[in-house]
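Note: the block below is upload20.cif and it holds mmCIF, C-alpha atoms.
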data_entry
#
loop_
_atom_site.group_PDB
_atom_site.id
_atom_site.type_symbol
_atom_site.label_atom_id
_atom_site.label_comp_id
_atom_site.auth_asym_id
_atom_site.auth_seq_id
_atom_site.Cartn_x
_atom_site.Cartn_y
_atom_site.Cartn_z
ATOM 1 C CA MET A 1 7.443 21.655 12.031
ATOM 2 C CA ASP A 2 4.452 20.543 9.941
ATOM 3 C CA LYS A 3 3.478 16.899 10.152
ATOM 4 C CA MET A 4 4.418 14.677 7.219
ATOM 5 C CA LYS A 5 1.431 13.989 4.967
ATOM 6 C CA ILE A 6 0.901 11.255 2.396
ATOM 7 C CA ALA A 7 -1.751 11.060 -0.324
ATOM 8 C CA ALA A 8 -2.967 7.459 -0.527
ATOM 9 C CA VAL A 9 -4.576 6.894 -3.925
ATOM 10 C CA GLY A 10 -6.403 3.985 -5.556
ATOM 11 C CA ASP A 11 -8.456 1.005 -4.505
ATOM 12 C CA ASN A 12 -10.616 0.468 -1.472
ATOM 13 C CA CYS A 13 -12.762 -2.534 -0.690
ATOM 14 C CA ILE A 14 -14.850 -4.036 2.061
ATOM 15 C CA ASP A 15 -13.174 -7.177 3.428
ATOM 16 C CA LEU A 16 -16.171 -9.419 4.040
ATOM 17 C CA TYR A 17 -15.376 -12.277 6.472
ATOM 18 C CA GLU A 18 -18.424 -14.429 5.863
ATOM 19 C CA ASN A 19 -17.485 -17.162 8.350
ATOM 20 C CA LEU A 20 -17.237 -14.454 11.071
ATOM 21 C CA GLU A 21 -20.227 -12.499 9.709
ATOM 22 C CA LYS A 22 -18.101 -9.341 9.893
ATOM 23 C CA ALA A 23 -17.119 -6.638 7.400
ATOM 24 C CA PHE A 24 -13.962 -4.544 7.658
ATOM 25 C CA PRO A 25 -12.967 -1.511 5.577
ATOM 26 C CA GLY A 26 -9.705 -1.984 3.686
ATOM 27 C CA GLY A 27 -7.763 -1.783 0.464
ATOM 28 C CA ASN A 28 -4.030 -1.280 0.064
ATOM 29 C CA PRO A 29 -3.761 2.553 -0.050
ATOM 30 C CA VAL A 30 -6.562 2.969 2.498
ATOM 31 C CA ASN A 31 -4.699 0.748 4.936
ATOM 32 C CA VAL A 32 -1.410 2.581 4.393
ATOM 33 C CA ALA A 33 -3.148 5.912 5.087
ATOM 34 C CA VAL A 34 -4.672 4.647 8.344
ATOM 35 C CA TYR A 35 -1.404 3.081 9.530
ATOM 36 C CA PHE A 36 0.576 6.223 8.642
ATOM 37 C CA LYS A 37 -1.863 8.268 10.716
ATOM 38 C CA ARG A 38 -1.494 5.740 13.557
ATOM 39 C CA LEU A 39 2.229 6.468 13.593
ATOM 40 C CA GLY A 40 1.621 10.199 14.048
ATOM 41 C CA GLY A 41 1.626 11.437 10.459
ATOM 42 C CA GLU A 42 -1.151 12.935 8.339
ATOM 43 C CA ALA A 43 -2.828 11.202 5.402
ATOM 44 C CA SER A 44 -5.585 11.652 2.852
ATOM 45 C CA TYR A 45 -7.314 9.054 0.708
ATOM 46 C CA THR A 46 -8.390 9.538 -2.921
ATOM 47 C CA GLY A 47 -10.660 6.898 -4.451
ATOM 48 C CA VAL A 48 -14.267 6.045 -5.273
ATOM 49 C CA VAL A 49 -17.053 4.326 -3.337
ATOM 50 C CA GLY A 50 -20.593 3.390 -4.297
ATOM 51 C CA ASP A 51 -23.719 5.163 -3.138
ATOM 52 C CA ASP A 52 -24.615 2.112 -1.033
ATOM 53 C CA GLU A 53 -24.385 1.376 2.694
ATOM 54 C CA TYR A 54 -20.849 0.022 2.351
ATOM 55 C CA GLY A 55 -19.766 3.280 0.697
ATOM 56 C CA LYS A 56 -20.980 5.310 3.664
ATOM 57 C CA PHE A 57 -19.420 2.750 6.017
ATOM 58 C CA MET A 58 -16.072 3.093 4.210
ATOM 59 C CA ILE A 59 -15.987 6.910 4.314
ATOM 60 C CA ASP A 60 -17.084 7.015 7.966
ATOM 61 C CA ALA A 61 -14.547 4.370 9.001
ATOM 62 C CA ILE A 62 -11.611 6.071 7.242
ATOM 63 C CA GLY A 63 -12.645 9.497 8.518
ATOM 64 C CA ASN A 64 -12.989 8.208 12.079
ATOM 65 C CA LYS A 65 -9.318 7.201 11.922
ATOM 66 C CA GLY A 66 -8.384 10.821 11.230
ATOM 67 C CA VAL A 67 -7.655 10.400 7.523
ATOM 68 C CA ASP A 68 -8.732 13.271 5.225
ATOM 69 C CA VAL A 69 -11.695 11.929 3.194
ATOM 70 C CA SER A 70 -12.492 15.180 1.354
ATOM 71 C CA ASN A 71 -11.232 13.814 -1.985
ATOM 72 C CA ILE A 72 -13.300 10.590 -2.055
ATOM 73 C CA LYS A 73 -15.829 10.483 -4.904
ATOM 74 C CA ILE A 74 -19.227 8.773 -4.570
ATOM 75 C CA LEU A 75 -20.513 7.102 -7.756
ATOM 76 C CA PRO A 76 -23.840 5.357 -8.390
ATOM 77 C CA GLY A 77 -23.322 1.641 -7.848
ATOM 78 C CA LYS A 78 -21.700 -0.779 -5.436
ATOM 79 C CA THR A 79 -18.602 -0.337 -3.284
ATOM 80 C CA ALA A 80 -15.914 -2.948 -4.009
ATOM 81 C CA ILE A 81 -16.012 -6.130 -1.889
ATOM 82 C CA THR A 82 -13.398 -8.826 -1.282
ATOM 83 C CA HIS A 83 -14.715 -12.063 0.210
ATOM 84 C CA VAL A 84 -12.299 -13.352 2.857
ATOM 85 C CA GLU A 85 -12.062 -16.553 4.878
ATOM 86 C CA LEU A 86 -9.869 -16.745 7.975
ATOM 87 C CA VAL A 87 -8.171 -20.120 8.487
ATOM 88 C CA GLY A 88 -5.707 -20.403 11.379
ATOM 89 C CA GLY A 89 -4.686 -16.747 11.216
ATOM 90 C CA GLU A 90 -4.130 -16.856 7.456
ATOM 91 C CA ARG A 91 -6.572 -15.042 5.214
ATOM 92 C CA ILE A 92 -7.872 -16.856 2.148
ATOM 93 C CA LEU A 93 -9.051 -14.343 -0.449
ATOM 94 C CA GLY A 94 -12.144 -15.374 -2.380
ATOM 95 C CA ASP A 95 -14.234 -13.562 -4.979
ATOM 96 C CA TYR A 96 -13.651 -9.872 -5.663
ATOM 97 C CA GLU A 97 -16.556 -7.637 -6.717
ATOM 98 C CA GLU A 98 -15.012 -4.562 -8.341
ATOM 99 C CA GLY A 99 -18.133 -2.400 -8.281
ATOM 100 C CA VAL A 100 -17.509 1.301 -8.976
ATOM 101 C CA MET A 101 -13.724 0.862 -8.719
ATOM 102 C CA LYS A 102 -13.767 -0.114 -12.401
ATOM 103 C CA ASP A 103 -14.599 3.517 -13.197
ATOM 104 C CA PHE A 104 -11.860 5.078 -11.063
ATOM 105 C CA LYS A 105 -9.435 7.466 -12.738
ATOM 106 C CA ILE A 106 -7.481 10.369 -11.273
ATOM 107 C CA SER A 107 -8.096 13.859 -12.633
ATOM 108 C CA ASP A 108 -5.952 16.976 -13.006
ATOM 109 C CA GLU A 109 -7.770 18.325 -9.939
ATOM 110 C CA ASP A 110 -6.653 15.262 -7.980
ATOM 111 C CA ILE A 111 -3.036 15.890 -8.987
ATOM 112 C CA GLU A 112 -3.368 19.500 -7.792
ATOM 113 C CA PHE A 113 -4.689 18.089 -4.501
ATOM 114 C CA PHE A 114 -1.648 15.793 -4.200
ATOM 115 C CA LYS A 115 0.719 18.775 -4.346
ATOM 116 C CA ALA A 116 -0.127 19.598 -0.713
ATOM 117 C CA HIS A 117 1.392 16.236 0.332
ATOM 118 C CA ASP A 118 4.931 14.939 0.821
ATOM 119 C CA MET A 119 4.367 11.703 -1.105
ATOM 120 C CA VAL A 120 1.787 9.816 -3.172
ATOM 121 C CA VAL A 121 1.244 6.158 -2.254
ATOM 122 C CA SER A 122 -0.603 3.684 -4.483
ATOM 123 C CA GLY A 123 -0.470 0.075 -5.595
ATOM 124 C CA LEU A 124 -1.153 -2.630 -8.115
ATOM 125 C CA TRP A 125 -4.961 -2.466 -7.910
ATOM 126 C CA GLY A 126 -5.100 1.335 -7.683
ATOM 127 C CA MET A 127 -5.596 1.786 -11.440
ATOM 128 C CA ILE A 128 -3.330 4.844 -11.661
ATOM 129 C CA GLU A 129 -0.245 3.321 -13.318
ATOM 130 C CA GLU A 130 -1.044 5.104 -16.611
ATOM 131 C CA ASP A 131 -1.044 8.492 -14.856
ATOM 132 C CA LEU A 132 1.979 8.156 -12.569
ATOM 133 C CA TYR A 133 4.132 10.160 -14.961
ATOM 134 C CA LYS A 134 1.866 13.199 -14.443
ATOM 135 C CA ILE A 135 2.471 13.028 -10.689
ATOM 136 C CA LYS A 136 6.188 12.472 -11.236
ATOM 137 C CA LYS A 137 6.348 15.577 -13.458
ATOM 138 C CA ARG A 138 5.062 17.648 -10.524
ATOM 139 C CA GLY A 139 8.039 16.520 -8.455
ATOM 140 C CA ILE A 140 5.975 14.558 -5.926
ATOM 141 C CA PRO A 141 7.730 11.368 -4.696
ATOM 142 C CA ILE A 142 5.807 8.150 -5.422
ATOM 143 C CA ALA A 143 5.675 4.893 -3.452
ATOM 144 C CA PHE A 144 3.991 1.901 -5.090
ATOM 145 C CA ASP A 145 3.087 -1.560 -3.824
ATOM 146 C CA PHE A 146 3.369 -4.240 -6.512
ATOM 147 C CA ALA A 147 2.397 -6.936 -3.957
ATOM 148 C CA ASN A 148 3.471 -10.446 -4.976
ATOM 149 C CA LYS A 149 2.691 -9.907 -8.675
ATOM 150 C CA LEU A 150 6.318 -9.923 -9.836
ATOM 151 C CA ASP A 151 5.303 -10.849 -13.393
ATOM 152 C CA SER A 152 2.427 -8.384 -13.741
ATOM 153 C CA PRO A 153 2.594 -6.094 -16.800
ATOM 154 C CA ILE A 154 1.834 -3.246 -14.368
ATOM 155 C CA VAL A 155 5.397 -3.589 -13.000
ATOM 156 C CA GLU A 156 6.855 -2.599 -16.359
ATOM 157 C CA LYS A 157 4.287 0.172 -16.820
ATOM 158 C CA ALA A 158 4.768 1.772 -13.410
ATOM 159 C CA ILE A 159 8.327 1.088 -12.250
ATOM 160 C CA TYR A 160 9.961 3.925 -14.236
ATOM 161 C CA ASP A 161 7.989 6.594 -12.351
ATOM 162 C CA VAL A 162 8.219 5.052 -8.872
ATOM 163 C CA ASP A 163 10.678 6.199 -6.194
ATOM 164 C CA TYR A 164 9.979 3.525 -3.555
ATOM 165 C CA ALA A 165 8.958 0.164 -5.037
ATOM 166 C CA PHE A 166 7.531 -2.472 -2.677
ATOM 167 C CA PHE A 167 7.100 -6.161 -3.498
ATOM 168 C CA SER A 168 6.289 -9.269 -1.469
ATOM 169 C CA TYR A 169 7.829 -12.688 -2.056
ATOM 170 C CA ASP A 170 7.432 -16.059 -0.325
ATOM 171 C CA GLY A 171 10.747 -17.583 -1.362
ATOM 172 C CA GLY A 172 12.951 -15.878 1.225
ATOM 173 C CA ASP A 173 16.194 -14.006 0.566
ATOM 174 C CA ASP A 174 17.383 -15.990 -2.460
ATOM 175 C CA GLY A 175 19.311 -15.372 -5.668
ATOM 176 C CA PHE A 176 16.200 -14.973 -7.785
ATOM 177 C CA ILE A 177 14.734 -12.105 -5.763
ATOM 178 C CA ARG A 178 18.081 -10.318 -5.494
ATOM 179 C CA GLU A 179 18.508 -10.364 -9.272
ATOM 180 C CA TYR A 180 14.904 -9.214 -9.687
ATOM 181 C CA MET A 181 15.542 -6.285 -7.333
ATOM 182 C CA LYS A 182 18.731 -5.302 -9.188
ATOM 183 C CA LYS A 183 16.988 -5.439 -12.568
ATOM 184 C CA ASN A 184 14.125 -3.217 -11.431
ATOM 185 C CA TYR A 185 16.367 -0.799 -9.561
ATOM 186 C CA ARG A 186 18.025 0.023 -12.880
ATOM 187 C CA LYS A 187 14.654 1.251 -14.190
ATOM 188 C CA GLY A 188 14.548 4.236 -11.852
ATOM 189 C CA PRO A 189 13.463 3.680 -8.219
ATOM 190 C CA LYS A 190 15.601 5.003 -5.364
ATOM 191 C CA LEU A 191 14.880 1.883 -3.307
ATOM 192 C CA ILE A 192 13.462 -1.586 -3.978
ATOM 193 C CA ILE A 193 11.951 -3.188 -0.881
ATOM 194 C CA VAL A 194 10.722 -6.787 -0.649
ATOM 195 C CA THR A 195 8.783 -8.126 2.326
ATOM 196 C CA LEU A 196 9.324 -11.845 2.939
ATOM 197 C CA GLY A 197 6.587 -12.562 5.499
ATOM 198 C CA GLU A 198 7.920 -14.366 8.555
ATOM 199 C CA LYS A 199 11.334 -14.448 6.832
ATOM 200 C CA GLY A 200 11.778 -10.685 7.255
ATOM 201 C CA SER A 201 12.440 -8.074 4.580
ATOM 202 C CA ILE A 202 15.218 -6.947 2.246
ATOM 203 C CA CYS A 203 16.029 -3.594 0.641
ATOM 204 C CA TYR A 204 18.325 -2.685 -2.265
ATOM 205 C CA ASP A 205 19.659 0.847 -2.780
ATOM 206 C CA GLY A 206 21.773 0.260 -5.882
ATOM 207 C CA THR A 207 24.954 -0.616 -4.020
ATOM 208 C CA ARG A 208 23.977 -2.925 -1.174
ATOM 209 C CA PHE A 209 21.290 -5.228 0.158
ATOM 210 C CA VAL A 210 20.028 -4.628 3.694
ATOM 211 C CA TYR A 211 18.189 -7.419 5.524
ATOM 212 C CA GLU A 212 15.849 -7.046 8.505
ATOM 213 C CA LYS A 213 14.449 -10.044 10.383
ATOM 214 C CA ALA A 214 10.780 -10.329 11.327
ATOM 215 C CA ILE A 215 9.632 -9.934 14.927
ATOM 216 C CA PRO A 216 8.361 -13.290 16.222
ATOM 217 C CA CYS A 217 4.773 -12.960 17.468
ATOM 218 C CA GLU A 218 1.446 -14.764 17.460
ATOM 219 C CA VAL A 219 -0.489 -14.118 14.238
ATOM 220 C CA VAL A 220 -4.214 -13.527 14.778
ATOM 221 C CA ASP A 221 -4.872 -12.173 11.257
ATOM 222 C CA ALA A 222 -2.198 -11.349 8.664
ATOM 223 C CA MET A 223 -4.523 -8.874 6.867
ATOM 224 C CA GLY A 224 -2.753 -5.523 6.494
ATOM 225 C CA ALA A 225 0.704 -6.724 7.536
ATOM 226 C CA GLY A 226 2.388 -5.631 4.296
ATOM 227 C CA ASP A 227 0.544 -2.303 4.238
ATOM 228 C CA SER A 228 1.630 -1.652 7.833
ATOM 229 C CA TYR A 229 5.227 -2.337 6.851
ATOM 230 C CA ILE A 230 4.952 0.135 3.959
ATOM 231 C CA ALA A 231 3.482 2.841 6.222
ATOM 232 C CA GLY A 232 6.215 2.367 8.829
ATOM 233 C CA PHE A 233 8.969 2.322 6.214
ATOM 234 C CA LEU A 234 7.698 5.489 4.508
ATOM 235 C CA PHE A 235 7.270 7.239 7.849
ATOM 236 C CA GLY A 236 10.972 6.532 8.365
ATOM 237 C CA VAL A 237 11.861 7.791 4.867
ATOM 238 C CA LEU A 238 9.987 11.067 5.345
ATOM 239 C CA SER A 239 11.582 11.449 8.794
ATOM 240 C CA GLY A 240 15.017 11.284 7.160
ATOM 241 C CA LYS A 241 15.956 7.928 8.726
ATOM 242 C CA GLU A 242 18.570 5.519 7.375
ATOM 243 C CA ILE A 243 17.397 2.390 5.514
ATOM 244 C CA GLU A 244 18.025 0.113 8.501
ATOM 245 C CA GLU A 245 15.825 2.264 10.739
ATOM 246 C CA CYS A 246 13.075 2.512 8.095
ATOM 247 C CA MET A 247 13.007 -1.294 7.871
ATOM 248 C CA LYS A 248 12.811 -1.612 11.657
ATOM 249 C CA MET A 249 9.903 0.853 11.726
ATOM 250 C CA GLY A 250 8.104 -1.118 9.030
ATOM 251 C CA THR A 251 8.664 -4.409 10.823
ATOM 252 C CA GLN A 252 7.492 -3.031 14.154
ATOM 253 C CA ASN A 253 4.345 -1.572 12.619
ATOM 254 C CA ALA A 254 3.509 -4.867 10.873
ATOM 255 C CA SER A 255 3.949 -6.840 14.102
ATOM 256 C CA THR A 256 1.329 -4.598 15.749
ATOM 257 C CA THR A 257 -1.256 -5.179 13.004
ATOM 258 C CA ILE A 258 -1.131 -8.983 12.861
ATOM 259 C CA LYS A 259 -2.088 -9.285 16.537
ATOM 260 C CA TYR A 260 -5.768 -8.431 15.927
ATOM 261 C CA CYS A 261 -8.562 -9.350 13.487
ATOM 262 C CA GLY A 262 -9.123 -7.232 10.381
ATOM 263 C CA ALA A 263 -6.832 -4.698 8.785
ATOM 264 C CA TRP A 264 -7.539 -2.006 11.385
#

Give the structure from the file, written as structure tokens.
Amino acid sequence: MDKMKIAAVGDNCIDLYENLEKAFPGGNPVNVAVYFKRLGGEASYTGVVGDDEYGKFMIDAIGNKGVDVSNIKILPGKTAITHVELVGGERILGDYEEGVMKDFKISDEDIEFFKAHDMVVSGLWGMIEEDLYKIKKRGIPIAFDFANKLDSPIVEKAIYDVDYAFFSYDGGDDGFIREYMKKNYRKGPKLIIVTLGEKGSICYDGTRFVYEKAIPCEVVDAMGAGDSYIAGFLFGVLSGKEIEECMKMGTQNASTTIKYCGAW
């Protein structure tokens, strides 16, 4: 049987930890691709980097993890950078330098490339929400990470074309988030999944809510925890697992990532 393969599409950035004087490659879809590969699947990444040192660093780092980098474009300019400070295991995000990411747009050739994959995975900063319907029309399932931006206009733009919608929320499993999940489920997704940090995660399938507790462990760096959860969950989905098992796989994968510094 062929290995499952996801097409991760959208933003990448260098996570620059200035107080550690270290730089790590990252970005939501990039991370999901690397974590999916770590679980035994196949993944490609589609995005843009600058023609600077960080661009080469990004492509080399992703490629060294076994992710297909053949569809990355190199544009004149700077690779995106997020300035990060690590305080007691929690990452504090500072300035973001968008660089060449501001010029990213998927093409018809990219969509042809996606057809060789089992799923397309993107997110809020991936800048492809306007083109999701083109992917949907090709019959390729779409997973999308809306992060904690529950009020972002991108939610309303993208949700109708998304099959697996991921959100994060700090308030725990409360009435507000359950109503929010119900409301957005009615717009088209097969599943709405919300990660709650140390409070676990919750999934809604249109008839029931399923809750999964977090695995207690020491947090070295929370960077990439949500992306790890998404990769584990989607690995379960593409393996034909039940919701409960997909949530366990996501939780387990996240607990691995937060035990070391940097996203991967």

Give me, as a tab-separated table, the closest atom pair and its distance (Å, one decimal) for every residue of segment 69-151 of chain A within a cut-off of 7 Å of segment 43-62 of chain A, counting all atoms listed in the file, rows sorted by chain and rising number.
residue	atom	partner	partner_atom	distance
A:Val69	CA	A:Tyr45	CA	5.8
A:Asn71	CA	A:Thr46	CA	5.2
A:Ile72	CA	A:Thr46	CA	5.1
A:Lys73	CA	A:Val48	CA	4.7
A:Ile74	CA	A:Val49	CA	5.1
A:Leu75	CA	A:Gly50	CA	5.1
A:Pro76	CA	A:Asp51	CA	5.3
A:Gly77	CA	A:Gly50	CA	4.8
A:Lys78	CA	A:Gly50	CA	4.5
A:Thr79	CA	A:Gly50	CA	4.3
A:Val100	CA	A:Gly50	CA	6.0
A:Met101	CA	A:Val48	CA	6.2
A:Phe104	CA	A:Val48	CA	6.3

With a distance cut-off of 7 Å and all atoms listed in the file, select the neighbouring residues of segment 11-20 of chain A, excluding the residue or stretch itself and same-chain residues fewer than 5 positions from it, and output the selection as an mmCIF file with C-alpha atoms, in the coordinates of the input.
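As written to disk, around.cif reads:
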data_model
loop_
_atom_site.group_PDB
_atom_site.id
_atom_site.type_symbol
_atom_site.label_atom_id
_atom_site.label_comp_id
_atom_site.auth_asym_id
_atom_site.auth_seq_id
_atom_site.Cartn_x
_atom_site.Cartn_y
_atom_site.Cartn_z
ATOM 1 C CA PRO A 25 -12.967 -1.511 5.577
ATOM 2 C CA GLY A 26 -9.705 -1.984 3.686
ATOM 3 C CA GLY A 27 -7.763 -1.783 0.464
ATOM 4 C CA ASN A 28 -4.030 -1.280 0.064
ATOM 5 C CA PRO A 29 -3.761 2.553 -0.050
ATOM 6 C CA VAL A 30 -6.562 2.969 2.498
ATOM 7 C CA GLY A 47 -10.660 6.898 -4.451
ATOM 8 C CA THR A 79 -18.602 -0.337 -3.284
ATOM 9 C CA ALA A 80 -15.914 -2.948 -4.009
ATOM 10 C CA ILE A 81 -16.012 -6.130 -1.889
ATOM 11 C CA THR A 82 -13.398 -8.826 -1.282
ATOM 12 C CA HIS A 83 -14.715 -12.063 0.210
ATOM 13 C CA VAL A 84 -12.299 -13.352 2.857
ATOM 14 C CA GLU A 85 -12.062 -16.553 4.878
ATOM 15 C CA MET A 101 -13.724 0.862 -8.719
ATOM 16 C CA TRP A 125 -4.961 -2.466 -7.910
ATOM 17 C CA GLY A 126 -5.100 1.335 -7.683
#

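Among the candidates A:Ile193, A:Leu238, A:Ile159, A:Leu93, the residue lying nearest to Lys3 of chain A is A:Leu238 (atoms considered: all atoms listed in the file).
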
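Interatomic distance, atom CA of Arg91 of chain A to atom CA of Ala23 of chain A: 13.7 Å.
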
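If you count only C-alpha atoms and ignore residues fewer than 2 places along the chain from segment 114-116 of chain A, what sits within 9 Å of it is Lys5, Ile6, Ala7, Glu109, Asp110, Ile111, Glu112, Asp118, Met119, Val120, Ile135, Arg138, Gly139 and Ile140 of chain A.
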
Give me, as number ranges by chain, all polymer residues having an atom no more than 12 Å from segment 173-183 of chain A, counting only C-alpha atoms and skipping those fewer than 6 positions away in the same chain.
A: 148, 150-151, 155-156, 159-160, 164-167, 189-213

Report, in Å with one decimal, the straight-line distance from atom CA of Lys187 of chain A to atom CA of Lys241 of chain A.
23.9 Å

Residues returned when the PyMOL selection byres ((chain A and resi 158) around 10) runs on this file, as a compact mmCIF listing (two decimals) with C-alpha atoms, in the coordinates of the input:
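Now in out-v7.txt:
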# COMPACT_ATOMS: atom_id res chain seq x y z
CA GLY A 123 -0.47 0.08 -5.60
CA LEU A 124 -1.15 -2.63 -8.12
CA ILE A 128 -3.33 4.84 -11.66
CA GLU A 129 -0.24 3.32 -13.32
CA GLU A 130 -1.04 5.10 -16.61
CA ASP A 131 -1.04 8.49 -14.86
CA LEU A 132 1.98 8.16 -12.57
CA TYR A 133 4.13 10.16 -14.96
CA PHE A 144 3.99 1.90 -5.09
CA PHE A 146 3.37 -4.24 -6.51
CA PRO A 153 2.59 -6.09 -16.80
CA ILE A 154 1.83 -3.25 -14.37
CA VAL A 155 5.40 -3.59 -13.00
CA GLU A 156 6.86 -2.60 -16.36
CA LYS A 157 4.29 0.17 -16.82
CA ILE A 159 8.33 1.09 -12.25
CA TYR A 160 9.96 3.92 -14.24
CA ASP A 161 7.99 6.59 -12.35
CA VAL A 162 8.22 5.05 -8.87
CA ALA A 165 8.96 0.16 -5.04
CA LYS A 187 14.65 1.25 -14.19

Counting only C-alpha atoms, which residues have an atom no more than 10 Å from (-3.9, 7.3, 9.6) in the file's coordinates? Please list them as a VMD selection string.
chain A and resid 5 to 6 30 to 45 62 to 68 231

Writer output for current selection, C-alpha atoms, as an mmCIF file, keeping the file's coordinate frame:
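Final file, again.cif:
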data_model
loop_
_atom_site.group_PDB
_atom_site.id
_atom_site.type_symbol
_atom_site.label_atom_id
_atom_site.label_comp_id
_atom_site.auth_asym_id
_atom_site.auth_seq_id
_atom_site.Cartn_x
_atom_site.Cartn_y
_atom_site.Cartn_z
ATOM 1 C CA LYS A 5 1.431 13.989 4.967
ATOM 2 C CA ILE A 6 0.901 11.255 2.396
ATOM 3 C CA VAL A 30 -6.562 2.969 2.498
ATOM 4 C CA ASN A 31 -4.699 0.748 4.936
ATOM 5 C CA VAL A 32 -1.410 2.581 4.393
ATOM 6 C CA ALA A 33 -3.148 5.912 5.087
ATOM 7 C CA VAL A 34 -4.672 4.647 8.344
ATOM 8 C CA TYR A 35 -1.404 3.081 9.530
ATOM 9 C CA PHE A 36 0.576 6.223 8.642
ATOM 10 C CA LYS A 37 -1.863 8.268 10.716
ATOM 11 C CA ARG A 38 -1.494 5.740 13.557
ATOM 12 C CA LEU A 39 2.229 6.468 13.593
ATOM 13 C CA GLY A 40 1.621 10.199 14.048
ATOM 14 C CA GLY A 41 1.626 11.437 10.459
ATOM 15 C CA GLU A 42 -1.151 12.935 8.339
ATOM 16 C CA ALA A 43 -2.828 11.202 5.402
ATOM 17 C CA SER A 44 -5.585 11.652 2.852
ATOM 18 C CA TYR A 45 -7.314 9.054 0.708
ATOM 19 C CA ILE A 62 -11.611 6.071 7.242
ATOM 20 C CA GLY A 63 -12.645 9.497 8.518
ATOM 21 C CA ASN A 64 -12.989 8.208 12.079
ATOM 22 C CA LYS A 65 -9.318 7.201 11.922
ATOM 23 C CA GLY A 66 -8.384 10.821 11.230
ATOM 24 C CA VAL A 67 -7.655 10.400 7.523
ATOM 25 C CA ASP A 68 -8.732 13.271 5.225
ATOM 26 C CA ALA A 231 3.482 2.841 6.222
#

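What separates atom CA of Ala143 of chain A from atom CA of Ser122 of chain A is a distance of 6.5 Å.
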
Contacts of Phe233 of chain A at 10 Å or less, counting all atoms listed in the file, minus same-chain residues fewer than 5 places along, as a VMD selection string?
chain A and resid 36 164 193 227 to 228 238 to 239 241 243 to 253

Rank nothing, just name the residue among A:Val121, A:Val237, A:Ala214, A:Ala147 nearest to Ala8 of chain A, using all atoms listed in the file.
A:Val121

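Ranking A:Asp163, A:Asp108, A:Glu90, A:Asp170 by their shortest atom-to-atom distance to Asn184 of chain A, with only C-alpha atoms included, puts A:Asp163 first.
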
As a PDB file, keeping the file's coordinate frame, the rebuilt segment 203-213 of chain A with N, CA, C and O atoms:
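Done, and the output landed in selection-v9.pdb:
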ATOM      1  N   CYS A 203      16.076  -4.848   1.386  1.00  0.00           N
ATOM      2  CA  CYS A 203      16.029  -3.594   0.641  1.00  0.00           C
ATOM      3  C   CYS A 203      17.306  -3.443  -0.176  1.00  0.00           C
ATOM      4  O   CYS A 203      18.394  -3.815   0.285  1.00  0.00           O
ATOM      5  N   TYR A 204      17.159  -2.913  -1.384  1.00  0.00           N
ATOM      6  CA  TYR A 204      18.325  -2.685  -2.265  1.00  0.00           C
ATOM      7  C   TYR A 204      18.369  -1.217  -2.661  1.00  0.00           C
ATOM      8  O   TYR A 204      17.355  -0.649  -3.114  1.00  0.00           O
ATOM      9  N   ASP A 205      19.525  -0.582  -2.482  1.00  0.00           N
ATOM     10  CA  ASP A 205      19.659   0.847  -2.780  1.00  0.00           C
ATOM     11  C   ASP A 205      20.588   1.133  -3.956  1.00  0.00           C
ATOM     12  O   ASP A 205      21.019   2.260  -4.168  1.00  0.00           O
ATOM     13  N   GLY A 206      20.901   0.084  -4.729  1.00  0.00           N
ATOM     14  CA  GLY A 206      21.773   0.260  -5.882  1.00  0.00           C
ATOM     15  C   GLY A 206      23.209  -0.144  -5.631  1.00  0.00           C
ATOM     16  O   GLY A 206      23.960  -0.425  -6.568  1.00  0.00           O
ATOM     17  N   THR A 207      23.594  -0.187  -4.355  1.00  0.00           N
ATOM     18  CA  THR A 207      24.954  -0.616  -4.020  1.00  0.00           C
ATOM     19  C   THR A 207      24.980  -1.774  -3.030  1.00  0.00           C
ATOM     20  O   THR A 207      25.899  -2.575  -3.037  1.00  0.00           O
ATOM     21  N   ARG A 208      23.954  -1.864  -2.197  1.00  0.00           N
ATOM     22  CA  ARG A 208      23.977  -2.925  -1.174  1.00  0.00           C
ATOM     23  C   ARG A 208      22.569  -3.413  -0.864  1.00  0.00           C
ATOM     24  O   ARG A 208      21.585  -2.714  -1.082  1.00  0.00           O
ATOM     25  N   PHE A 209      22.522  -4.645  -0.352  1.00  0.00           N
ATOM     26  CA  PHE A 209      21.290  -5.228   0.158  1.00  0.00           C
ATOM     27  C   PHE A 209      21.302  -5.109   1.682  1.00  0.00           C
ATOM     28  O   PHE A 209      22.321  -5.373   2.320  1.00  0.00           O
ATOM     29  N   VAL A 210      20.176  -4.712   2.236  1.00  0.00           N
ATOM     30  CA  VAL A 210      20.028  -4.628   3.694  1.00  0.00           C
ATOM     31  C   VAL A 210      18.908  -5.586   4.094  1.00  0.00           C
ATOM     32  O   VAL A 210      17.821  -5.569   3.505  1.00  0.00           O
ATOM     33  N   TYR A 211      19.180  -6.430   5.071  1.00  0.00           N
ATOM     34  CA  TYR A 211      18.189  -7.419   5.524  1.00  0.00           C
ATOM     35  C   TYR A 211      17.710  -7.056   6.929  1.00  0.00           C
ATOM     36  O   TYR A 211      18.486  -6.610   7.776  1.00  0.00           O
ATOM     37  N   GLU A 212      16.428  -7.253   7.172  1.00  0.00           N
ATOM     38  CA  GLU A 212      15.849  -7.046   8.505  1.00  0.00           C
ATOM     39  C   GLU A 212      14.987  -8.250   8.846  1.00  0.00           C
ATOM     40  O   GLU A 212      14.128  -8.648   8.059  1.00  0.00           O
ATOM     41  N   LYS A 213      15.233  -8.865  10.008  1.00  0.00           N
ATOM     42  CA  LYS A 213      14.449 -10.044  10.383  1.00  0.00           C
ATOM     43  C   LYS A 213      13.071  -9.633  10.893  1.00  0.00           C
ATOM     44  O   LYS A 213      12.863  -8.499  11.334  1.00  0.00           O
TER      45      LYS A 213
END
